[in-house]
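**Student:** Please find coords-v8.pdb (PDB, C-alpha atoms) on the next line:
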MODEL        1
ATOM      1  CA  MET A   1       8.990 -66.553  22.586
ATOM      2  CA  ILE A   2       6.725 -69.611  22.397
ATOM      3  CA  GLY A   3       4.114 -67.624  24.315
ATOM      4  CA  ILE A   4       4.322 -64.727  21.824
ATOM      5  CA  LEU A   5       4.014 -67.090  18.850
ATOM      6  CA  ARG A   6       1.024 -68.757  20.520
ATOM      7  CA  ASP A   7      -0.629 -65.361  21.084
ATOM      8  CA  LEU A   8       0.145 -64.368  17.483
ATOM      9  CA  GLY A   9      -1.544 -67.562  16.256
ATOM     10  CA  ALA A  10      -4.519 -66.841  18.523
ATOM     11  CA  THR A  11      -4.735 -63.294  17.105
ATOM     12  CA  LEU A  12      -4.765 -64.597  13.528
ATOM     13  CA  ILE A  13      -7.467 -67.154  14.395
ATOM     14  CA  LYS A  14      -9.470 -64.447  16.201
ATOM     15  CA  MET A  15      -9.223 -62.198  13.140
ATOM     16  CA  PHE A  16     -10.890 -64.668  10.806
ATOM     17  CA  ALA A  17     -12.640 -67.232  12.934
ATOM     18  CA  ALA A  18     -13.685 -65.556  16.176
ATOM     19  CA  ASP A  19     -17.171 -66.698  15.229
ATOM     20  CA  LEU A  20     -16.555 -69.828  13.172
ATOM     21  CA  TRP A  21     -20.204 -70.052  12.212
ATOM     22  CA  LEU A  22     -20.209 -66.541  10.713
ATOM     23  CA  THR A  23     -16.951 -67.235   8.870
ATOM     24  CA  LEU A  24     -18.355 -70.428   7.362
ATOM     25  CA  VAL A  25     -21.587 -68.719   6.266
ATOM     26  CA  ALA A  26     -19.612 -65.940   4.557
ATOM     27  CA  ILE A  27     -17.312 -68.373   2.737
ATOM     28  CA  VAL A  28     -20.235 -70.594   1.712
ATOM     29  CA  SER A  29     -22.111 -67.525   0.364
ATOM     30  CA  VAL A  30     -19.186 -66.548  -1.896
ATOM     31  CA  THR A  31     -18.623 -70.177  -2.965
ATOM     32  CA  LEU A  32     -22.303 -70.669  -3.846
ATOM     33  CA  CYS A  33     -22.251 -67.448  -5.888
ATOM     34  CA  ALA A  34     -19.132 -68.642  -7.742
ATOM     35  CA  VAL A  35     -20.744 -72.024  -8.488
ATOM     36  CA  ALA A  36     -24.015 -70.389  -9.592
ATOM     37  CA  LEU A  37     -22.099 -68.034 -11.910
ATOM     38  CA  ARG A  38     -19.997 -70.811 -13.465
ATOM     39  CA  SER A  39     -23.006 -73.053 -13.970
ATOM     40  CA  GLY A  40     -24.997 -70.206 -15.544
ATOM     41  CA  LEU A  41     -27.697 -70.167 -12.834
ATOM     42  CA  ILE A  42     -27.151 -66.430 -12.387
ATOM     43  CA  GLY A  43     -25.621 -63.945 -14.793
ATOM     44  CA  PRO A  44     -22.722 -61.603 -14.066
ATOM     45  CA  GLY A  45     -25.158 -58.664 -13.893
ATOM     46  CA  ALA A  46     -27.183 -60.205 -11.050
ATOM     47  CA  LEU A  47     -24.330 -61.786  -9.087
ATOM     48  CA  PRO A  48     -23.202 -58.627  -7.212
ATOM     49  CA  PHE A  49     -26.712 -58.098  -5.839
ATOM     50  CA  VAL A  50     -27.123 -61.776  -4.913
ATOM     51  CA  LEU A  51     -23.777 -61.781  -3.089
ATOM     52  CA  ALA A  52     -24.540 -58.488  -1.294
ATOM     53  CA  GLY A  53     -27.878 -59.970  -0.170
ATOM     54  CA  GLY A  54     -26.210 -63.208   0.933
ATOM     55  CA  ILE A  55     -23.666 -61.341   3.048
ATOM     56  CA  LEU A  56     -26.453 -59.238   4.576
ATOM     57  CA  ALA A  57     -28.279 -62.468   5.467
ATOM     58  CA  ALA A  58     -25.048 -63.779   7.029
ATOM     59  CA  LEU A  59     -24.773 -60.601   9.140
ATOM     60  CA  VAL A  60     -28.386 -60.812  10.310
ATOM     61  CA  ALA A  61     -28.023 -64.519  11.125
ATOM     62  CA  GLY A  62     -24.717 -63.856  12.927
ATOM     63  CA  VAL A  63     -26.259 -61.090  15.052
ATOM     64  CA  ALA A  64     -29.314 -63.239  15.850
ATOM     65  CA  HIS A  65     -27.038 -66.156  16.757
ATOM     66  CA  GLY A  66     -24.892 -63.930  18.999
ATOM     67  CA  ALA A  67     -27.911 -62.308  20.667
ATOM     68  CA  ARG A  68     -29.431 -65.712  21.500
ATOM     69  CA  ARG A  69     -26.173 -66.819  23.178
TER
ATOM     70  CA  MET B   1     -16.963 -36.018 -10.841
ATOM     71  CA  SER B   2     -14.216 -38.340  -9.645
ATOM     72  CA  ARG B   3     -10.807 -36.786 -10.106
ATOM     73  CA  PRO B   4      -8.415 -39.516 -11.218
ATOM     74  CA  TYR B   5      -4.753 -39.361 -10.346
ATOM     75  CA  GLY B   6      -1.867 -41.547 -11.298
ATOM     76  CA  HIS B   7       0.423 -43.725  -9.237
ATOM     77  CA  ASN B   8       3.004 -45.879 -10.967
ATOM     78  CA  GLY B   9       0.964 -45.728 -14.125
ATOM     79  CA  HIS B  10      -2.245 -46.905 -12.420
ATOM     80  CA  VAL B  11      -5.170 -44.499 -12.449
ATOM     81  CA  ILE B  12      -7.349 -44.653  -9.361
ATOM     82  CA  SER B  13     -10.372 -42.539  -8.596
ATOM     83  CA  LEU B  14     -10.984 -40.542  -5.441
ATOM     84  CA  ALA B  15     -14.114 -42.667  -4.981
ATOM     85  CA  THR B  16     -11.742 -45.582  -4.341
ATOM     86  CA  ALA B  17      -8.757 -43.865  -2.721
ATOM     87  CA  ALA B  18     -10.714 -41.864  -0.114
ATOM     88  CA  PRO B  19     -12.626 -44.823   1.390
ATOM     89  CA  ILE B  20      -9.413 -46.913   1.271
ATOM     90  CA  ALA B  21      -7.483 -44.294   3.255
ATOM     91  CA  GLY B  22     -10.505 -43.781   5.552
ATOM     92  CA  ALA B  23     -10.955 -47.510   6.242
ATOM     93  CA  SER B  24      -7.263 -47.943   6.895
ATOM     94  CA  PHE B  25      -7.193 -44.865   9.163
ATOM     95  CA  LEU B  26     -10.194 -45.887  11.278
ATOM     96  CA  ALA B  27      -9.214 -49.570  11.583
ATOM     97  CA  SER B  28      -5.636 -48.664  12.467
ATOM     98  CA  ALA B  29      -6.825 -46.086  15.022
ATOM     99  CA  VAL B  30      -8.777 -48.801  16.891
ATOM    100  CA  GLU B  31      -5.770 -51.113  16.989
ATOM    101  CA  VAL B  32      -3.224 -48.393  17.822
ATOM    102  CA  VAL B  33      -5.361 -47.169  20.752
ATOM    103  CA  GLU B  34      -5.354 -50.707  22.196
ATOM    104  CA  ALA B  35      -1.597 -51.117  21.715
ATOM    105  CA  PHE B  36      -0.956 -47.635  23.161
ATOM    106  CA  THR B  37      -2.760 -48.573  26.401
ATOM    107  CA  ILE B  38      -0.284 -51.412  27.039
ATOM    108  CA  VAL B  39       2.764 -49.377  25.966
ATOM    109  CA  LEU B  40       1.647 -46.564  28.284
ATOM    110  CA  ALA B  41       1.274 -49.024  31.175
ATOM    111  CA  VAL B  42       4.820 -50.270  30.518
ATOM    112  CA  SER B  43       6.105 -46.705  30.405
ATOM    113  CA  VAL B  44       4.334 -45.738  33.644
ATOM    114  CA  VAL B  45       5.547 -48.784  35.581
ATOM    115  CA  ARG B  46       9.067 -49.342  34.175
ATOM    116  CA  GLY B  47       9.913 -46.050  32.427
ATOM    117  CA  PRO B  48      10.025 -45.131  28.744
ATOM    118  CA  ARG B  49      13.084 -47.257  27.784
ATOM    119  CA  PRO B  50      11.480 -50.745  27.718
ATOM    120  CA  ALA B  51       8.318 -49.239  26.227
ATOM    121  CA  ILE B  52      10.218 -47.602  23.358
ATOM    122  CA  LEU B  53      12.527 -50.604  22.773
ATOM    123  CA  GLY B  54       9.607 -53.067  22.737
ATOM    124  CA  THR B  55       7.570 -50.846  20.420
ATOM    125  CA  LEU B  56      10.427 -50.221  17.978
ATOM    126  CA  SER B  57      11.350 -53.938  17.850
ATOM    127  CA  ALA B  58       7.768 -54.895  17.014
ATOM    128  CA  LEU B  59       7.464 -52.128  14.402
ATOM    129  CA  GLY B  60      10.731 -53.327  12.811
ATOM    130  CA  LEU B  61       9.436 -56.900  12.638
ATOM    131  CA  LEU B  62       6.143 -55.727  11.113
ATOM    132  CA  ALA B  63       8.052 -53.643   8.542
ATOM    133  CA  LEU B  64      10.009 -56.776   7.560
ATOM    134  CA  VAL B  65       6.724 -58.673   7.107
ATOM    135  CA  ILE B  66       5.384 -55.908   4.824
ATOM    136  CA  ILE B  67       8.633 -55.805   2.829
ATOM    137  CA  ALA B  68       8.487 -59.605   2.413
ATOM    138  CA  LEU B  69       4.768 -59.872   1.637
ATOM    139  CA  GLY B  70       4.397 -56.795  -0.600
ATOM    140  CA  PRO B  71       6.298 -58.149  -3.639
ATOM    141  CA  MET B  72       4.739 -61.619  -3.153
ATOM    142  CA  LEU B  73       1.242 -60.122  -3.402
ATOM    143  CA  ALA B  74       2.241 -58.234  -6.556
ATOM    144  CA  ALA B  75       3.141 -61.568  -8.192
ATOM    145  CA  VAL B  76      -0.343 -63.096  -7.588
ATOM    146  CA  PRO B  77      -2.802 -62.751 -10.527
ATOM    147  CA  ILE B  78      -5.083 -59.802  -9.759
ATOM    148  CA  GLN B  79      -8.436 -61.658 -10.064
ATOM    149  CA  GLY B  80      -7.364 -64.467  -7.724
ATOM    150  CA  LEU B  81      -5.928 -61.929  -5.299
ATOM    151  CA  GLN B  82      -9.112 -59.821  -5.340
ATOM    152  CA  LEU B  83     -11.278 -62.858  -4.662
ATOM    153  CA  THR B  84      -9.077 -64.119  -1.797
ATOM    154  CA  ILE B  85      -8.681 -60.679  -0.221
ATOM    155  CA  GLY B  86     -12.377 -59.982  -0.815
ATOM    156  CA  VAL B  87     -13.439 -63.094   1.103
ATOM    157  CA  LEU B  88     -10.972 -62.355   3.933
ATOM    158  CA  LEU B  89     -12.257 -58.774   4.155
ATOM    159  CA  ILE B  90     -15.860 -59.984   4.286
ATOM    160  CA  VAL B  91     -15.008 -62.422   7.095
ATOM    161  CA  PHE B  92     -12.976 -59.825   9.035
ATOM    162  CA  GLY B  93     -15.444 -56.979   8.424
ATOM    163  CA  LEU B  94     -18.522 -59.044   9.284
ATOM    164  CA  GLY B  95     -16.848 -60.112  12.537
ATOM    165  CA  TRP B  96     -16.253 -56.488  13.572
ATOM    166  CA  LEU B  97     -19.701 -55.343  12.435
ATOM    167  CA  ARG B  98     -21.456 -58.174  14.265
ATOM    168  CA  LYS B  99     -19.506 -57.530  17.477
ATOM    169  CA  ALA B 100     -20.164 -53.764  17.273
ATOM    170  CA  VAL B 101     -23.897 -54.407  16.720
ATOM    171  CA  LEU B 102     -24.041 -56.756  19.725
ATOM    172  CA  ARG B 103     -22.139 -54.229  21.874
ATOM    173  CA  ALA B 104     -24.381 -51.351  20.776
ATOM    174  CA  GLY B 105     -27.405 -53.538  21.480
ATOM    175  CA  GLY B 106     -26.201 -54.235  25.027
ATOM    176  CA  VAL B 107     -25.562 -57.966  24.510
ATOM    177  CA  LEU B 108     -21.760 -57.684  24.827
ATOM    178  CA  SER B 109     -19.950 -55.304  27.152
ATOM    179  CA  LEU B 110     -17.992 -52.376  25.689
ATOM    180  CA  HIS B 111     -14.197 -52.525  25.554
ATOM    181  CA  ASP B 112     -12.790 -50.544  28.492
ATOM    182  CA  GLU B 113      -9.339 -48.989  27.918
ATOM    183  CA  ALA B 114      -9.129 -47.749  31.525
ATOM    184  CA  ALA B 115      -9.715 -51.290  32.829
ATOM    185  CA  ALA B 116      -7.175 -52.719  30.372
ATOM    186  CA  PHE B 117      -4.622 -50.114  31.530
ATOM    187  CA  GLN B 118      -5.316 -50.885  35.181
ATOM    188  CA  GLU B 119      -5.001 -54.636  34.619
ATOM    189  CA  GLU B 120      -1.711 -54.309  32.703
ATOM    190  CA  THR B 121      -0.276 -51.868  35.263
ATOM    191  CA  GLU B 122      -1.071 -54.224  38.149
ATOM    192  CA  ALA B 123       0.406 -57.209  36.309
ATOM    193  CA  LEU B 124       3.616 -55.280  35.550
ATOM    194  CA  ARG B 125       3.883 -54.006  39.146
ATOM    195  CA  SER B 126       3.589 -57.524  40.552
ATOM    196  CA  GLU B 127       6.368 -58.638  38.168
ATOM    197  CA  SER B 128       8.506 -55.630  39.153
ATOM    198  CA  ALA B 129       8.534 -56.724  42.795
ATOM    199  CA  ALA B 130      11.202 -59.354  42.041
ATOM    200  CA  ASP B 131      14.301 -58.665  39.908
ATOM    201  CA  ALA B 132      14.458 -55.145  38.356
ATOM    202  CA  ARG B 133      16.376 -56.241  35.230
ATOM    203  CA  ALA B 134      14.026 -59.120  34.584
ATOM    204  CA  ALA B 135      11.114 -56.754  35.150
ATOM    205  CA  ASP B 136      12.458 -54.368  32.489
ATOM    206  CA  TRP B 137      12.840 -57.285  30.083
ATOM    207  CA  LEU B 138       9.280 -58.511  30.788
ATOM    208  CA  ALA B 139       7.890 -54.979  30.424
ATOM    209  CA  GLY B 140       9.661 -54.531  27.085
ATOM    210  CA  LEU B 141       8.313 -57.894  25.995
ATOM    211  CA  ALA B 142       4.777 -56.819  26.969
ATOM    212  CA  ALA B 143       5.104 -53.663  24.805
ATOM    213  CA  PHE B 144       6.613 -55.737  21.968
ATOM    214  CA  LYS B 145       3.753 -58.254  22.124
ATOM    215  CA  ALA B 146       1.029 -55.595  22.260
ATOM    216  CA  VAL B 147       2.403 -53.698  19.255
ATOM    217  CA  LEU B 148       3.089 -56.929  17.324
ATOM    218  CA  LEU B 149      -0.401 -58.388  17.900
ATOM    219  CA  GLU B 150      -2.355 -55.192  17.238
ATOM    220  CA  GLY B 151       0.056 -54.300  14.406
ATOM    221  CA  THR B 152      -0.577 -57.657  12.725
ATOM    222  CA  GLU B 153      -4.204 -56.642  12.296
ATOM    223  CA  VAL B 154      -3.145 -53.230  10.952
ATOM    224  CA  VAL B 155      -0.764 -54.889   8.459
ATOM    225  CA  PHE B 156      -3.516 -57.224   7.258
ATOM    226  CA  ILE B 157      -5.949 -54.339   6.818
ATOM    227  CA  VAL B 158      -3.403 -52.187   4.952
ATOM    228  CA  LEU B 159      -2.349 -55.053   2.655
ATOM    229  CA  ALA B 160      -5.955 -56.150   2.128
ATOM    230  CA  VAL B 161      -7.563 -52.790   1.360
ATOM    231  CA  GLY B 162      -4.496 -51.767  -0.644
ATOM    232  CA  ALA B 163      -4.336 -54.986  -2.640
ATOM    233  CA  ARG B 164      -5.285 -53.359  -5.940
ATOM    234  CA  PRO B 165      -2.570 -51.708  -8.028
ATOM    235  CA  GLY B 166      -2.000 -48.142  -6.846
ATOM    236  CA  LEU B 167      -4.021 -48.468  -3.633
ATOM    237  CA  LEU B 168      -1.292 -49.470  -1.200
ATOM    238  CA  ALA B 169      -0.167 -45.833  -0.883
ATOM    239  CA  PRO B 170      -3.547 -44.433   0.316
ATOM    240  CA  ALA B 171      -3.981 -47.462   2.614
ATOM    241  CA  ALA B 172      -0.520 -46.986   4.142
ATOM    242  CA  PHE B 173      -1.123 -43.231   4.428
ATOM    243  CA  GLY B 174      -4.353 -43.851   6.380
ATOM    244  CA  ALA B 175      -2.611 -46.244   8.792
ATOM    245  CA  ALA B 176       0.379 -43.938   9.276
ATOM    246  CA  ALA B 177      -1.906 -40.965   9.940
ATOM    247  CA  ALA B 178      -3.767 -42.988  12.593
ATOM    248  CA  CYS B 179      -0.498 -43.982  14.282
ATOM    249  CA  VAL B 180       0.799 -40.409  14.352
ATOM    250  CA  LEU B 181      -2.507 -38.976  15.587
ATOM    251  CA  VAL B 182      -3.041 -41.551  18.351
ATOM    252  CA  LEU B 183       0.572 -41.305  19.519
ATOM    253  CA  ALA B 184       0.439 -37.484  19.488
ATOM    254  CA  PHE B 185      -2.743 -37.453  21.597
ATOM    255  CA  GLY B 186      -1.415 -40.203  23.852
ATOM    256  CA  VAL B 187       1.896 -38.469  24.525
ATOM    257  CA  MET B 188       0.054 -35.184  25.117
ATOM    258  CA  LEU B 189      -2.502 -36.656  27.528
ATOM    259  CA  ARG B 190      -0.259 -39.343  29.149
ATOM    260  CA  ARG B 191      -3.237 -41.502  30.011
ATOM    261  CA  PRO B 192      -5.307 -44.190  28.234
ATOM    262  CA  LEU B 193      -7.430 -42.834  25.394
ATOM    263  CA  THR B 194     -10.710 -43.791  27.010
ATOM    264  CA  ARG B 195     -12.752 -41.176  25.146
ATOM    265  CA  VAL B 196     -12.092 -42.674  21.725
ATOM    266  CA  PRO B 197     -15.492 -44.094  20.658
ATOM    267  CA  GLU B 198     -14.047 -47.548  20.020
ATOM    268  CA  ASN B 199     -17.338 -49.302  19.287
ATOM    269  CA  THR B 200     -18.448 -46.604  16.836
ATOM    270  CA  LEU B 201     -15.097 -46.900  15.045
ATOM    271  CA  LYS B 202     -15.386 -50.702  14.961
ATOM    272  CA  PHE B 203     -18.910 -50.358  13.577
ATOM    273  CA  LEU B 204     -17.740 -48.012  10.796
ATOM    274  CA  VAL B 205     -14.720 -50.163   9.972
ATOM    275  CA  GLY B 206     -16.863 -53.320   9.926
ATOM    276  CA  GLY B 207     -19.168 -51.682   7.366
ATOM    277  CA  LEU B 208     -16.247 -50.391   5.295
ATOM    278  CA  LEU B 209     -14.385 -53.709   5.204
ATOM    279  CA  THR B 210     -17.535 -55.710   4.438
ATOM    280  CA  GLY B 211     -18.397 -53.287   1.606
ATOM    281  CA  PHE B 212     -14.887 -53.539   0.139
ATOM    282  CA  GLY B 213     -14.936 -57.313   0.557
ATOM    283  CA  VAL B 214     -18.194 -57.748  -1.355
ATOM    284  CA  PHE B 215     -17.002 -55.361  -4.086
ATOM    285  CA  TRP B 216     -13.684 -57.146  -4.589
ATOM    286  CA  SER B 217     -15.153 -60.643  -4.340
ATOM    287  CA  CYS B 218     -17.484 -59.765  -7.237
ATOM    288  CA  GLU B 219     -14.599 -58.333  -9.261
ATOM    289  CA  GLY B 220     -12.565 -61.466  -8.506
ATOM    290  CA  LEU B 221     -15.448 -63.640  -9.687
ATOM    291  CA  GLY B 222     -15.597 -61.680 -12.954
ATOM    292  CA  ALA B 223     -18.902 -59.951 -12.193
ATOM    293  CA  PRO B 224     -18.063 -56.278 -11.640
ATOM    294  CA  TRP B 225     -20.534 -53.903  -9.974
ATOM    295  CA  PRO B 226     -22.509 -51.478 -12.133
ATOM    296  CA  GLY B 227     -21.062 -48.003 -11.575
ATOM    297  CA  GLY B 228     -17.568 -49.343 -10.956
ATOM    298  CA  ASP B 229     -15.779 -47.889  -7.928
ATOM    299  CA  TRP B 230     -18.800 -45.718  -7.098
ATOM    300  CA  ALA B 231     -20.549 -48.867  -5.905
ATOM    301  CA  ILE B 232     -18.152 -48.978  -2.917
ATOM    302  CA  PRO B 233     -19.692 -46.057  -0.954
ATOM    303  CA  GLY B 234     -23.130 -47.477  -1.736
ATOM    304  CA  LEU B 235     -22.173 -50.913  -0.412
ATOM    305  CA  VAL B 236     -20.596 -49.431   2.714
ATOM    306  CA  ALA B 237     -23.731 -47.359   3.394
ATOM    307  CA  PHE B 238     -25.894 -50.448   2.789
ATOM    308  CA  TYR B 239     -24.076 -52.504   5.458
ATOM    309  CA  LEU B 240     -23.885 -49.599   7.914
ATOM    310  CA  ILE B 241     -27.628 -48.965   7.642
ATOM    311  CA  ALA B 242     -28.264 -52.697   8.040
ATOM    312  CA  GLY B 243     -25.979 -52.719  11.096
ATOM    313  CA  LEU B 244     -27.766 -49.722  12.622
ATOM    314  CA  ALA B 245     -31.137 -51.371  12.080
ATOM    315  CA  ALA B 246     -29.869 -54.632  13.589
ATOM    316  CA  SER B 247     -28.442 -52.863  16.669
ATOM    317  CA  SER B 248     -31.765 -51.029  17.205
ATOM    318  CA  VAL B 249     -33.666 -54.319  17.063
ATOM    319  CA  VAL B 250     -31.165 -56.057  19.392
ATOM    320  CA  ALA B 251     -31.291 -53.103  21.849
ATOM    321  CA  ALA B 252     -35.105 -53.169  21.858
ATOM    322  CA  VAL B 253     -35.172 -56.945  22.474
ATOM    323  CA  THR B 254     -32.506 -56.642  25.222
ATOM    324  CA  ARG B 255     -34.519 -53.883  26.972
ATOM    325  CA  ARG B 256     -37.716 -55.933  26.752
ATOM    326  CA  THR B 257     -36.146 -59.087  28.179
ATOM    327  CA  ALA B 258     -34.106 -57.266  30.900
TER
ENDMDL
END
Before anything else, please render the file you have as structure tokens.

**Tutor:**
Amino acid sequence: MIGILRDLGATLIKMFAADLWLTLVAIVSVTLCAVALRSGLIGPGALPFVLAGGILAALVAGVAHGARR
Amino acid sequence: MSRPYGHNGHVISLATAAPIAGASFLASAVEVVEAFTIVLAVSVVRGPRPAILGTLSALGLLALVIIALGPMLAAVPIQGLQLTIGVLLIVFGLGWLRKAVLRAGGVLSLHDEAAAFQEETEALRSESAADARAADWLAGLAAFKAVLLEGTEVVFIVLAVGARPGLLAPAAFGAAAACVLVLAFGVMLRRPLTRVPENTLKFLVGGLLTGFGVFWSCEGLGAPWPGGDWAIPGLVAFYLIAGLAASSVVAAVTRRTA
């Protein structure tokens, strides 16, 4: 039973943090967008495009990081 | 254009429901194929009884989790829920998309169902050499674990993509359809489903989940997309095209350096 619970925990970690670096970049992108919106740096009309671009950058960086390894 | 239909008073468009059911179907198919390989190995080595008992026990436990979590999610304010689920979907979807790109580019090896089946069969046979009753118990436990672990991912995907009012039904329908289809093919063929294009499915699901995640994160932040739900197919296409371009570049670099 302990083994199953351990594997279940590992599965949950793998789901969201298999590549910790990619996970952090994605969370930071959303957080930065939220901060920029609240502080008025970007308007609600531009935010979707900024976030979509940020996530694309995270994907490209994640692929480049994985390919180098 | 989009034909709205009602569900518990909530009106959802086909532009939302179809990709939700599609994402849930494809993601669940990937997970169910992996779980089926282990259950089949159990069935081949120890017979159908431990395989069926292990599978049903895990499905029962997963059903309890859904029954417990469903009402809890309904109690969370919708904007906070959309933002949280949106971020989780981005993280989960990006992980799948990145892995699929690296596999398509030749950096990571492809998942091999035949090898997984062989490995599980050998492990179960070596356990069967000792006590037969203990071997049945261990085989049932292996089926239980496989269905529970792969099912956990299916449950997350269904709850996440169905987290908006009225969308749980299409998400659950997609997952159920995948289960029925994979099991029907599996029972018919009685061998691992090696011809399922797992990496292509993972690639598509990665793009779908990332697209949904970005869409819902923006809604959760109070900055909805122009075009409403119609932005979802656009976002999905955007990340899939980006993924295709990235895999072409990675493949070209891998070939050059090989």

**Student:** Could you list, as a compact mmCIF listing (two decimals) with C-alpha atoms, in the coordinates of the input, every residue of chain A that has an atom within 8 Å of an atom of chain B, counting only C-alpha atoms?

**Tutor:**
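What follows is the written file part-v1.txt:
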# COMPACT_ATOMS: atom_id res chain seq x y z
CA ILE A 4 4.32 -64.73 21.82
CA ASP A 7 -0.63 -65.36 21.08
CA LEU A 8 0.14 -64.37 17.48
CA THR A 11 -4.74 -63.29 17.10
CA MET A 15 -9.22 -62.20 13.14
CA PHE A 16 -10.89 -64.67 10.81
CA ALA A 17 -12.64 -67.23 12.93
CA ALA A 18 -13.68 -65.56 16.18
CA ASP A 19 -17.17 -66.70 15.23
CA LEU A 22 -20.21 -66.54 10.71
CA THR A 23 -16.95 -67.24 8.87
CA ALA A 26 -19.61 -65.94 4.56
CA ILE A 27 -17.31 -68.37 2.74
CA VAL A 30 -19.19 -66.55 -1.90
CA ALA A 34 -19.13 -68.64 -7.74
CA PRO A 44 -22.72 -61.60 -14.07
CA GLY A 45 -25.16 -58.66 -13.89
CA LEU A 47 -24.33 -61.79 -9.09
CA PRO A 48 -23.20 -58.63 -7.21
CA LEU A 51 -23.78 -61.78 -3.09
CA ALA A 52 -24.54 -58.49 -1.29
CA ILE A 55 -23.67 -61.34 3.05
CA LEU A 56 -26.45 -59.24 4.58
CA LEU A 59 -24.77 -60.60 9.14
CA VAL A 60 -28.39 -60.81 10.31
CA GLY A 62 -24.72 -63.86 12.93
CA VAL A 63 -26.26 -61.09 15.05
CA GLY A 66 -24.89 -63.93 19.00
CA ALA A 67 -27.91 -62.31 20.67

**Student:** Taking all atoms of stretch 27-37 of chain A that the file lists, what box with edges along x, y and z, padded by 3 Å per side, do you get, with centre and edge lengths in Å to one decimal, as JSON?

**Tutor:**
{"center_x": -20.7, "center_y": -69.3, "center_z": -4.6, "size_x": 12.7, "size_y": 11.5, "size_z": 20.6}

**Student:** What is the atom CA of B:Ala258 to atom CA of A:Arg68 distance in Å?

**Tutor:**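 Between atom CA of B:Ala258 and atom CA of A:Arg68 the gap is 13.5 Å.
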
**Student:** Run the PyMOL selection byres ((chain B and resi 51-55) around 10) on the file and write out the hits as a PyMOL selection string.

**Tutor:** chain B and resi 35-36+38-50+56-60+136-148

**Student:** Which distance in Å separates atom CA of B:Leu209 and atom CA of B:Leu240, to one decimal?

**Tutor:** 10.7 Å

**Student:** Just how far from atom CA of A:Gly53 is atom CA of A:Ser39, in Å to one decimal?

**Tutor:**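 Separation of atom CA of A:Ser39 and atom CA of A:Gly53: 19.6 Å.
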
**Student:** Pull out every residue that the PyMOL selection byres ((chain B and resi 18) around 12) matches in the shown coordinates and put them as a PyMOL selection string.

**Tutor:** chain B and resi 2-4+12-17+19-25+161-162+167+169-171+173-174+208+229-230+232-233

**Student:** Go through B:Gly186, B:Gly151, B:Pro165, B:Gly206 one by one, measure the shortest atom-to-atom distance of each to B:Leu73 using all atoms listed in the file, and give the residue with the smallest value.

**Tutor:**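 Comparing B:Gly186, B:Gly151, B:Pro165, B:Gly206 against B:Leu73, the winner is B:Pro165.
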
**Student:** Point out the residue among B:Ser28, B:Ala163, B:Val158, B:Arg125 with the least atom-to-atom distance to B:Ile78, counting only C-alpha atoms.

**Tutor:** B:Ala163
